[in-house]
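Below: structure.csv (CSV, C-alpha atoms)
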chain,number,residue,atom,x,y,z
R,283,MET,CA,7.7,89.8,-105.7
R,284,ALA,CA,6.9,86.3,-104.5
R,285,ALA,CA,8.6,84.8,-107.6
R,286,ILE,CA,11.8,86.8,-107.0
R,287,PHE,CA,11.9,85.8,-103.3
R,288,SER,CA,11.2,82.1,-104.0
R,289,VAL,CA,13.9,81.9,-106.7
R,290,THR,CA,16.5,83.6,-104.4
R,291,LEU,CA,15.6,81.2,-101.5
R,292,ALA,CA,15.9,78.2,-103.8
R,293,ASP,CA,19.3,79.4,-105.1
R,294,ALA,CA,20.6,79.8,-101.6
R,295,VAL,CA,19.4,76.4,-100.4
R,296,PHE,CA,19.9,74.1,-103.4
R,297,HIS,CA,22.8,75.9,-105.3
R,298,LEU,CA,20.6,76.4,-108.4
R,299,SER,CA,23.0,78.7,-110.2
R,300,SER,CA,25.6,75.9,-110.8
R,301,MET,CA,23.0,73.7,-112.7
R,302,ILE,CA,22.5,76.3,-115.5
R,303,ASN,CA,24.3,75.7,-118.8
R,304,PRO,CA,26.1,79.0,-119.9
R,305,GLY,CA,25.8,78.2,-123.6
R,306,VAL,CA,26.5,81.2,-125.9
R,307,SER,CA,27.5,83.6,-123.1
R,308,ASN,CA,31.1,82.2,-123.2
R,309,ILE,CA,31.4,83.2,-126.8
R,310,TYR,CA,30.0,86.7,-126.2
R,311,ASN,CA,32.4,87.3,-123.2
R,312,ALA,CA,35.4,86.1,-125.1
R,313,LEU,CA,34.8,87.9,-128.4
R,314,GLY,CA,32.9,91.0,-127.4
R,315,THR,CA,35.5,93.3,-126.0
R,316,GLN,CA,37.8,92.8,-129.0
R,317,ILE,CA,35.3,94.6,-131.1
R,318,ALA,CA,34.3,97.6,-129.0
R,319,PRO,CA,34.6,98.5,-125.3
R,320,ASN,CA,30.9,98.7,-124.6
R,321,LEU,CA,29.5,95.2,-124.5
R,322,VAL,CA,25.8,96.1,-124.4
R,323,THR,CA,26.1,98.1,-127.7
R,324,VAL,CA,28.0,95.2,-129.3
R,325,VAL,CA,25.3,92.7,-128.3
R,326,ILE,CA,22.4,94.8,-129.6
R,327,PHE,CA,24.0,96.1,-132.7
R,328,ASP,CA,26.4,93.4,-133.8
R,329,PHE,CA,25.4,90.0,-132.5
R,330,ARG,CA,21.6,90.7,-132.3
R,331,ALA,CA,21.3,93.3,-135.0
R,332,TYR,CA,18.2,91.7,-136.6
R,333,ASP,CA,16.2,92.3,-133.4
R,334,THR,CA,17.2,96.0,-133.4
R,335,LEU,CA,15.9,96.2,-137.0
R,336,GLY,CA,12.6,94.9,-135.7
R,337,GLU,CA,12.6,97.5,-132.9
R,338,SER,CA,13.1,100.3,-135.5
R,339,ILE,CA,10.1,99.0,-137.5
R,340,ILE,CA,8.0,99.0,-134.2
R,341,LEU,CA,8.9,102.7,-133.7
R,342,LEU,CA,7.9,103.6,-137.2
R,343,THR,CA,4.6,101.7,-137.0
R,344,ALA,CA,3.7,103.2,-133.6
R,345,GLY,CA,4.2,106.8,-134.8
R,346,LEU,CA,2.2,106.1,-138.0
R,347,VAL,CA,-0.7,104.5,-136.1
R,348,VAL,CA,-0.9,107.4,-133.6
R,349,LEU,CA,-1.1,110.0,-136.4
R,350,LEU,CA,-3.7,108.0,-138.2
R,351,ILE,CA,-6.1,107.4,-135.3
R,352,PHE,CA,-6.0,110.7,-133.6
R,353,GLY,CA,-6.3,112.7,-136.8
R,354,ARG,CA,-9.4,111.0,-138.1
R,355,GLY,CA,-12.0,113.5,-139.2
R,356,LEU,CA,-10.3,116.6,-137.8
R,357,LEU,CA,-8.1,117.8,-140.6
R,358,GLY,CA,-9.0,118.6,-144.2
R,359,ASP,CA,-12.7,117.7,-144.6
R,360,LYS,CA,-13.2,118.4,-148.3
R,361,GLN,CA,-16.6,117.2,-149.4
S,167,MET,CA,-0.4,126.8,-125.3
S,168,SER,CA,2.4,129.2,-124.7
S,169,GLN,CA,3.5,130.2,-121.2
S,170,ASN,CA,3.4,133.9,-120.2
S,171,SER,CA,6.4,134.2,-117.9
S,172,ILE,CA,9.3,136.2,-119.2
S,173,ILE,CA,11.9,134.1,-117.4
S,174,LEU,CA,10.9,131.0,-119.2
S,175,LYS,CA,11.0,132.8,-122.6
S,176,LEU,CA,14.5,134.1,-121.9
S,177,VAL,CA,16.2,130.9,-120.8
S,178,SER,CA,14.6,128.0,-122.6
S,179,LEU,CA,16.3,128.5,-126.1
S,180,PRO,CA,19.9,128.3,-124.7
S,181,ILE,CA,18.9,125.3,-122.7
S,182,SER,CA,17.4,123.6,-125.8
S,183,ILE,CA,20.5,124.2,-127.7
S,184,ILE,CA,22.7,122.7,-125.0
S,185,LEU,CA,20.3,119.7,-124.7
S,186,ILE,CA,20.6,119.1,-128.5
S,187,CYS,CA,24.4,119.2,-128.4
S,188,LEU,CA,24.5,116.8,-125.4
S,189,GLY,CA,22.3,114.4,-127.3
S,190,ILE,CA,24.6,114.5,-130.4
S,191,MET,CA,27.6,113.9,-128.1
S,192,THR,CA,25.8,110.8,-126.6
S,193,ILE,CA,25.1,109.3,-130.0
S,194,LEU,CA,28.7,109.7,-131.2
S,195,GLY,CA,30.2,108.0,-128.2
S,196,GLY,CA,27.8,105.0,-128.3
S,197,HIS,CA,30.4,102.3,-128.8
S,198,ILE,CA,32.6,103.3,-125.8
S,199,THR,CA,30.4,104.7,-123.0
S,200,PRO,CA,26.8,103.7,-121.9
S,201,GLY,CA,24.4,105.4,-124.3
S,202,GLY,CA,24.0,105.1,-128.0
S,203,GLY,CA,21.4,105.6,-130.7
S,204,PHE,CA,18.1,105.3,-128.8
S,205,GLN,CA,19.2,107.3,-125.8
S,206,GLY,CA,20.8,110.1,-127.7
S,207,GLY,CA,17.7,110.4,-130.0
S,208,ALA,CA,15.5,110.8,-127.0
S,209,MET,CA,17.7,113.5,-125.6
S,210,ILE,CA,17.5,115.5,-128.9
S,211,ALA,CA,13.7,115.1,-128.9
S,212,SER,CA,13.4,116.4,-125.4
S,213,GLY,CA,15.3,119.6,-126.3
S,214,ILE,CA,12.9,120.3,-129.2
S,215,ILE,CA,9.8,119.5,-127.1
S,216,LEU,CA,10.9,122.0,-124.4
S,217,SER,CA,11.0,124.8,-127.0
S,218,ILE,CA,7.6,123.8,-128.4
S,219,ILE,CA,5.9,123.8,-125.0
S,220,VAL,CA,7.3,127.1,-123.8
S,221,TYR,CA,6.9,129.2,-126.9
S,222,GLY,CA,3.7,127.7,-128.4
S,223,LEU,CA,3.4,125.9,-131.6
S,224,GLY,CA,3.0,128.8,-134.0
S,225,ASN,CA,6.1,130.8,-133.1
S,226,SER,CA,8.7,128.4,-131.8
S,227,PRO,CA,12.3,128.8,-132.9
S,228,LEU,CA,12.8,125.1,-133.6
S,229,GLU,CA,10.1,124.4,-136.1
S,230,LEU,CA,10.3,121.3,-138.2
S,231,SER,CA,8.7,121.4,-141.6
S,232,HIS,CA,6.6,118.5,-143.0
S,233,THR,CA,9.1,117.5,-145.7
S,234,TYR,CA,11.9,117.4,-143.1
S,235,ILE,CA,10.1,114.9,-140.9
S,236,GLU,CA,9.2,112.6,-143.8
S,237,VAL,CA,12.7,112.6,-145.3
S,238,LEU,CA,14.6,112.0,-142.0
S,239,GLU,CA,12.3,109.2,-140.9
S,240,SER,CA,12.8,107.4,-144.2
S,241,VAL,CA,16.5,108.0,-144.3
S,242,GLY,CA,16.8,106.5,-140.8
S,243,ALA,CA,14.9,103.3,-141.6
S,244,LEU,CA,16.3,102.8,-145.1
S,245,GLY,CA,19.9,103.4,-144.0
S,246,PHE,CA,19.8,100.6,-141.5
S,247,ILE,CA,18.4,98.2,-144.1
S,248,ILE,CA,20.9,99.1,-146.8
S,249,PHE,CA,23.9,98.6,-144.4
S,250,GLY,CA,22.6,95.1,-143.9
S,251,LEU,CA,22.5,94.5,-147.7
S,252,ILE,CA,26.2,95.5,-147.9
S,253,GLY,CA,27.0,92.7,-145.4
S,254,LEU,CA,24.9,90.3,-147.6
S,255,LEU,CA,26.7,91.2,-150.8
S,256,VAL,CA,30.3,90.9,-149.4
S,257,GLY,CA,30.2,88.4,-146.6
S,258,GLY,CA,27.2,86.2,-147.1
S,259,PHE,CA,25.2,87.1,-144.0
S,260,TYR,CA,22.7,89.9,-143.5
S,261,LEU,CA,23.9,92.7,-141.2
S,262,TYR,CA,27.4,91.2,-141.0
S,263,ASN,CA,29.9,93.5,-139.4
S,264,VAL,CA,32.2,94.2,-142.4
S,265,GLY,CA,34.5,96.4,-140.3
S,266,THR,CA,35.7,93.8,-137.9
S,267,ASP,CA,34.7,90.4,-139.3
S,268,VAL,CA,35.1,87.7,-136.8
S,269,LEU,CA,35.1,84.9,-139.5
S,270,ASN,CA,37.8,86.3,-141.8
S,271,ILE,CA,35.9,86.3,-145.0
S,272,VAL,CA,36.1,89.9,-146.1
S,273,PRO,CA,39.1,91.3,-148.0
S,274,GLN,CA,41.1,94.1,-146.4
S,275,TYR,CA,40.3,97.0,-148.7
S,276,ILE,CA,36.6,96.7,-148.0
S,277,GLN,CA,37.4,96.7,-144.2
S,278,ASN,CA,39.3,100.0,-144.7
S,279,ILE,CA,36.3,101.8,-146.3
S,280,PHE,CA,34.0,101.4,-143.2
S,281,HIS,CA,36.6,102.3,-140.6
S,282,TYR,CA,35.3,105.0,-138.3
S,283,PRO,CA,38.3,107.4,-137.8
S,284,ASP,CA,38.9,106.5,-134.1
S,285,VAL,CA,41.3,104.5,-132.0
S,286,THR,CA,38.8,101.7,-131.7
S,287,ASN,CA,38.0,99.2,-134.5
S,288,ALA,CA,34.2,98.9,-134.2
S,289,GLY,CA,33.1,98.3,-137.8
S,290,ILE,CA,29.6,99.6,-138.7
S,291,ILE,CA,28.3,100.0,-135.1
S,292,PRO,CA,28.8,103.9,-135.0
S,293,TYR,CA,26.9,104.3,-138.3
S,294,LEU,CA,24.0,102.2,-137.1
S,295,ASN,CA,23.9,104.3,-134.0
S,296,ILE,CA,23.5,107.5,-136.0
S,297,PHE,CA,20.7,106.1,-138.2
S,298,VAL,CA,18.7,104.8,-135.2
S,299,GLY,CA,19.2,108.2,-133.4
S,300,LEU,CA,17.8,110.2,-136.3
S,301,LYS,CA,14.8,107.9,-136.5
S,302,VAL,CA,13.9,108.0,-132.8
S,303,PHE,CA,14.3,111.8,-132.6
S,304,VAL,CA,12.0,112.4,-135.6
S,305,GLY,CA,9.4,109.9,-134.5
S,306,LEU,CA,9.0,111.2,-131.0
S,307,THR,CA,8.9,114.9,-132.1
S,308,SER,CA,6.3,114.3,-134.8
S,309,ILE,CA,3.9,112.7,-132.2
S,310,VAL,CA,4.2,115.8,-129.9
S,311,ILE,CA,3.7,118.2,-132.8
S,312,ALA,CA,0.6,116.3,-133.8
S,313,PHE,CA,-0.9,116.4,-130.3
S,314,ALA,CA,-0.2,120.1,-129.9
S,315,GLY,CA,-1.8,120.9,-133.3
S,316,PHE,CA,-4.9,118.9,-132.4
S,317,LYS,CA,-5.3,120.7,-129.1
S,318,LYS,CA,-4.9,124.1,-130.8
S,319,LEU,CA,-7.4,123.1,-133.4
S,320,THR,CA,-10.1,122.1,-130.9
S,321,GLU,CA,-9.4,125.2,-128.8
S,322,GLU,CA,-10.0,127.5,-131.7
S,323,GLY,CA,-13.0,125.6,-132.9
S,324,GLU,CA,-15.1,126.3,-129.8
Y,130,MET,CA,46.9,112.5,-132.8
Y,131,LEU,CA,43.6,114.2,-133.1
Y,132,ASN,CA,40.6,111.9,-133.4
Y,133,LEU,CA,38.7,112.9,-136.5
Y,134,GLY,CA,35.5,110.8,-136.0
Y,135,PRO,CA,33.5,113.0,-133.6
Y,136,ILE,CA,34.6,116.2,-135.4
Y,137,ILE,CA,33.3,115.1,-138.9
Y,138,PHE,CA,30.1,113.5,-137.8
Y,139,GLY,CA,29.3,116.1,-135.2
Y,140,LEU,CA,29.5,118.8,-137.9
Y,141,ILE,CA,27.2,116.7,-140.2
Y,142,LEU,CA,24.6,116.1,-137.5
Y,143,GLY,CA,24.7,119.8,-136.4
Y,144,LEU,CA,24.2,121.0,-139.9
Y,145,LEU,CA,21.1,118.7,-140.2
Y,146,ILE,CA,19.5,120.2,-137.1
Y,147,GLY,CA,20.7,123.7,-137.7
Y,148,SER,CA,18.7,124.0,-140.9
Y,149,GLN,CA,15.5,124.2,-138.8
Y,150,ILE,CA,16.4,126.8,-136.2
Y,151,LYS,CA,15.6,130.5,-136.5
Y,152,PHE,CA,16.4,133.3,-134.2
Y,153,LYS,CA,13.6,135.8,-135.0
Y,154,PHE,CA,10.2,134.3,-134.0
Y,155,GLY,CA,6.9,135.9,-133.0
Y,156,ASP,CA,7.9,139.3,-131.5
Y,157,ASN,CA,11.1,138.0,-129.7
Y,158,VAL,CA,14.5,138.5,-131.2
Y,159,PHE,CA,17.8,136.8,-130.1
Y,160,THR,CA,20.5,139.4,-130.9
Y,161,LEU,CA,24.1,138.6,-131.8
Y,162,ALA,CA,25.4,139.5,-128.3
Y,163,SER,CA,23.1,136.9,-126.6
Y,164,LEU,CA,24.2,134.2,-129.1
Y,165,ILE,CA,27.9,134.9,-128.3
Y,166,ILE,CA,27.0,134.4,-124.6
Y,167,VAL,CA,25.4,131.0,-125.5
Y,168,PHE,CA,28.5,130.1,-127.4
Y,169,ILE,CA,30.7,130.9,-124.4
Y,170,ALA,CA,28.4,128.9,-122.1
Y,171,GLY,CA,28.8,126.0,-124.5
Y,172,ILE,CA,32.6,126.2,-124.3
Y,173,ILE,CA,32.4,126.1,-120.5
Y,174,VAL,CA,30.2,123.0,-120.7
Y,175,ALA,CA,32.6,121.3,-123.1
Y,176,TRP,CA,35.6,122.0,-120.9
Y,177,GLN,CA,33.9,121.0,-117.7
Y,178,SER,CA,32.8,117.6,-119.0
Y,179,GLY,CA,36.4,116.6,-120.0
Y,180,ASN,CA,37.3,114.1,-122.7
Y,181,PHE,CA,33.9,112.6,-123.1
Y,182,PRO,CA,34.3,109.0,-124.3
Y,183,PHE,CA,37.8,108.5,-122.8
Y,184,TYR,CA,39.8,109.8,-125.7
Y,185,THR,CA,43.3,110.8,-124.8
Y,186,ASP,CA,44.2,113.7,-127.1
Y,187,LEU,CA,42.5,116.8,-125.7
Y,188,GLN,CA,40.8,117.7,-122.4
Y,189,ILE,CA,37.7,119.1,-124.0
Y,190,SER,CA,34.8,117.3,-125.6
Y,191,THR,CA,35.2,117.7,-129.3
Y,192,GLY,CA,31.9,116.2,-130.2
Y,193,PHE,CA,30.0,118.8,-128.2
Y,194,LEU,CA,31.9,121.7,-129.8
Y,195,SER,CA,31.5,120.4,-133.3
Y,196,ALA,CA,27.7,120.1,-132.8
Y,197,LEU,CA,27.5,123.7,-131.5
Y,198,ILE,CA,29.5,125.0,-134.5
Y,199,GLY,CA,27.3,122.9,-136.8
Y,200,ILE,CA,24.1,124.4,-135.4
Y,201,PHE,CA,25.2,128.0,-135.9
Y,202,ALA,CA,26.7,127.2,-139.3
Y,203,GLY,CA,23.5,125.5,-140.4
Y,204,ASN,CA,21.4,128.5,-139.4
Y,205,LEU,CA,23.7,130.7,-141.6
Y,206,ILE,CA,23.8,128.4,-144.6
Y,207,PHE,CA,20.6,126.5,-144.8
Y,208,ALA,CA,18.0,128.6,-143.1
Y,209,ARG,CA,14.6,129.1,-144.7
Y,210,SER,CA,13.2,132.6,-145.2
Y,211,LYS,CA,12.3,134.2,-141.9

Encoded form using structure tokens:
Amino acid sequence: MAAIFSVTLADAVFHLSSMINPGVSNIYNALGTQIAPNLVTVVIFDFRAYDTLGESIILLTAGLVVLLIFGRGLLGDKQ
Amino acid sequence: MSQNSIILKLVSLPISIILICLGIMTILGGHITPGGGFQGGAMIASGIILSIIVYGLGNSPLELSHTYIEVLESVGALGFIIFGLIGLLVGGFYLYNVGTDVLNIVPQYIQNIFHYPDVTNAGIIPYLNIFVGLKVFVGLTSIVIAFAGFKKLTEEGE
Amino acid sequence: MLNLGPIIFGLILGLLIGSQIKFKFGDNVFTLASLIIVFIAGIIVAWQSGNFPFYTDLQISTGFLSALIGIFAGNLIFARSK
């Protein structure tokens, strides 16, 4: 909360938002809406699709680890 | 685990069916409206979890078998990876959007294969939405089925 | 012209999920009359939500209707033994 307040105060006093370099955001805004109307889906599935692949692997690993840990010793004790 | 009220048992299967259909609708409109693969998959999972909680694990109408969960989770993850390999073969970059290529290196007949029959021209984005939606739905439902099964096993063991 | 994308893929996804649904479970039975009422309620939801992702051909949501038809067709075609 203190960080958000201090950044807003600094932006109002020193005009901090005009010193930031836009960078790749100009390319995304110019090229994105030609592909599909929803710019969020274009960014996460077309420009940054590699990160979404990593997110899918995280979901797979999380489900696998939950089933391994909570099923330990409960099911199928054949000795 | 099952609830004993007759009103819940009467009304929760129609609501589950409507929730599943709304989730599929959200997945298919992912490139135009807010929503998409992850959100639609969570909606489908919530429809199935409602049915499991109200009717109990043994006699629930939406009962997923073990083979079904394994096959769908593998199809969801492998489909995403293989769509990336198509971009690598044709264009030169992994997960390249071969439907609308922004660098003009893909011939036209390959662009026409992956065209989602729609008024927009979004490339492979709708197909990636469908694969991610299947994966999220099966992952969340399998965790809830496992927890309900463990609870029933410890309740019967005492 | 009619947009074919949501119709085709709505049917495919509905068939996938409809293969795991059954209407006789425990000692409860959903008869044919109650399933027809569920279908009519689905048509009302599809008409009330309008053209869902801003398509301009019809005033109903074709993705919703295709998923509903797919669930009932999947139960008839692919269902396991009761």

Counting only C-alpha atoms, collect the residues of chain S whose closest atom lies at most 6 Å from chain R, and write them out as a list in words.
His197, Ile198 and Ala288 of chain S

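Nearest to Ile309 (chain R) of all the residues S:Val268, S:Val310, S:His281, S:Ile193 is S:Val268, counting only C-alpha atoms.
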
Only residues of chain Y matter here; which ones have an atom within 6 Å of chain S, counting all atoms listed in the file? Give them as a list in words.
Asn132, Leu133, Gly134, Gln149, Ile150, Lys151, Phe154, Gly155, Pro182, Gly192, Phe193 and Ala196 of chain Y

As an exercise, work out the distance from CA of Ile279 (chain S) to CA of Phe183 (chain Y) in Å and give it to one decimal place.
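Taking CA of Ile279 (chain S) and CA of Phe183 (chain Y), their separation equals 24.5 Å.
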
Using Å and a single decimal, report how far CA of Asn204 (chain Y) sits from CA of Leu140 (chain Y).
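About the pair CA of Leu140 (chain Y) and CA of Asn204 (chain Y): they are 12.7 Å apart.
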
Please compute the CA of Ser148 (chain Y)-CA of Phe207 (chain Y) distance, one decimal, in Å.
5.0 Å

Excluding Ile252 (chain S) and its own-chain neighbours fewer than 4 positions away, which residues fall within 9 Å of it when counting only C-alpha atoms? Please give them as a PyMOL selection string.
chain S and resi 248+256-257+260-262+264

Hey, could you patch up region 248-262 of chain S with N, CA and C atoms and hand it over as a PDB file, in the frame of the given file?
ATOM      1  N   ILE S 248      19.928  99.207-145.744  1.00  0.00           N
ATOM      2  CA  ILE S 248      20.900  99.100-146.800  1.00  0.00           C
ATOM      3  C   ILE S 248      22.293  98.751-146.243  1.00  0.00           C
ATOM      4  N   PHE S 249      22.609  99.128-144.997  1.00  0.00           N
ATOM      5  CA  PHE S 249      23.900  98.600-144.400  1.00  0.00           C
ATOM      6  C   PHE S 249      23.835  97.145-144.213  1.00  0.00           C
ATOM      7  N   GLY S 250      22.630  96.584-143.978  1.00  0.00           N
ATOM      8  CA  GLY S 250      22.600  95.100-143.900  1.00  0.00           C
ATOM      9  C   GLY S 250      22.800  94.472-145.250  1.00  0.00           C
ATOM     10  N   LEU S 251      22.341  95.119-146.344  1.00  0.00           N
ATOM     11  CA  LEU S 251      22.500  94.500-147.700  1.00  0.00           C
ATOM     12  C   LEU S 251      24.000  94.523-148.069  1.00  0.00           C
ATOM     13  N   ILE S 252      24.784  95.486-147.558  1.00  0.00           N
ATOM     14  CA  ILE S 252      26.200  95.500-147.900  1.00  0.00           C
ATOM     15  C   ILE S 252      26.858  94.215-147.261  1.00  0.00           C
ATOM     16  N   GLY S 253      26.432  93.870-146.026  1.00  0.00           N
ATOM     17  CA  GLY S 253      27.000  92.700-145.400  1.00  0.00           C
ATOM     18  C   GLY S 253      26.578  91.414-146.203  1.00  0.00           C
ATOM     19  N   LEU S 254      25.352  91.444-146.803  1.00  0.00           N
ATOM     20  CA  LEU S 254      24.900  90.300-147.600  1.00  0.00           C
ATOM     21  C   LEU S 254      25.685  90.109-148.846  1.00  0.00           C
ATOM     22  N   LEU S 255      26.018  91.236-149.523  1.00  0.00           N
ATOM     23  CA  LEU S 255      26.700  91.200-150.800  1.00  0.00           C
ATOM     24  C   LEU S 255      28.166  90.672-150.571  1.00  0.00           C
ATOM     25  N   VAL S 256      28.830  91.184-149.542  1.00  0.00           N
ATOM     26  CA  VAL S 256      30.300  90.900-149.400  1.00  0.00           C
ATOM     27  C   VAL S 256      30.544  89.678-148.618  1.00  0.00           C
ATOM     28  N   GLY S 257      29.806  89.485-147.513  1.00  0.00           N
ATOM     29  CA  GLY S 257      30.200  88.400-146.600  1.00  0.00           C
ATOM     30  C   GLY S 257      29.338  87.158-146.759  1.00  0.00           C
ATOM     31  N   GLY S 258      28.058  87.323-147.021  1.00  0.00           N
ATOM     32  CA  GLY S 258      27.200  86.200-147.100  1.00  0.00           C
ATOM     33  C   GLY S 258      26.171  86.105-145.992  1.00  0.00           C
ATOM     34  N   PHE S 259      26.212  87.068-145.042  1.00  0.00           N
ATOM     35  CA  PHE S 259      25.200  87.100-144.000  1.00  0.00           C
ATOM     36  C   PHE S 259      24.625  88.497-143.951  1.00  0.00           C
ATOM     37  N   TYR S 260      23.303  88.575-143.657  1.00  0.00           N
ATOM     38  CA  TYR S 260      22.700  89.900-143.500  1.00  0.00           C
ATOM     39  C   TYR S 260      23.136  90.565-142.266  1.00  0.00           C
ATOM     40  N   LEU S 261      23.382  91.895-142.332  1.00  0.00           N
ATOM     41  CA  LEU S 261      23.900  92.700-141.200  1.00  0.00           C
ATOM     42  C   LEU S 261      25.145  92.148-140.608  1.00  0.00           C
ATOM     43  N   TYR S 262      26.059  91.709-141.466  1.00  0.00           N
ATOM     44  CA  TYR S 262      27.400  91.200-141.000  1.00  0.00           C
ATOM     45  C   TYR S 262      28.258  92.430-140.794  1.00  0.00           C
TER      46      TYR S 262
END
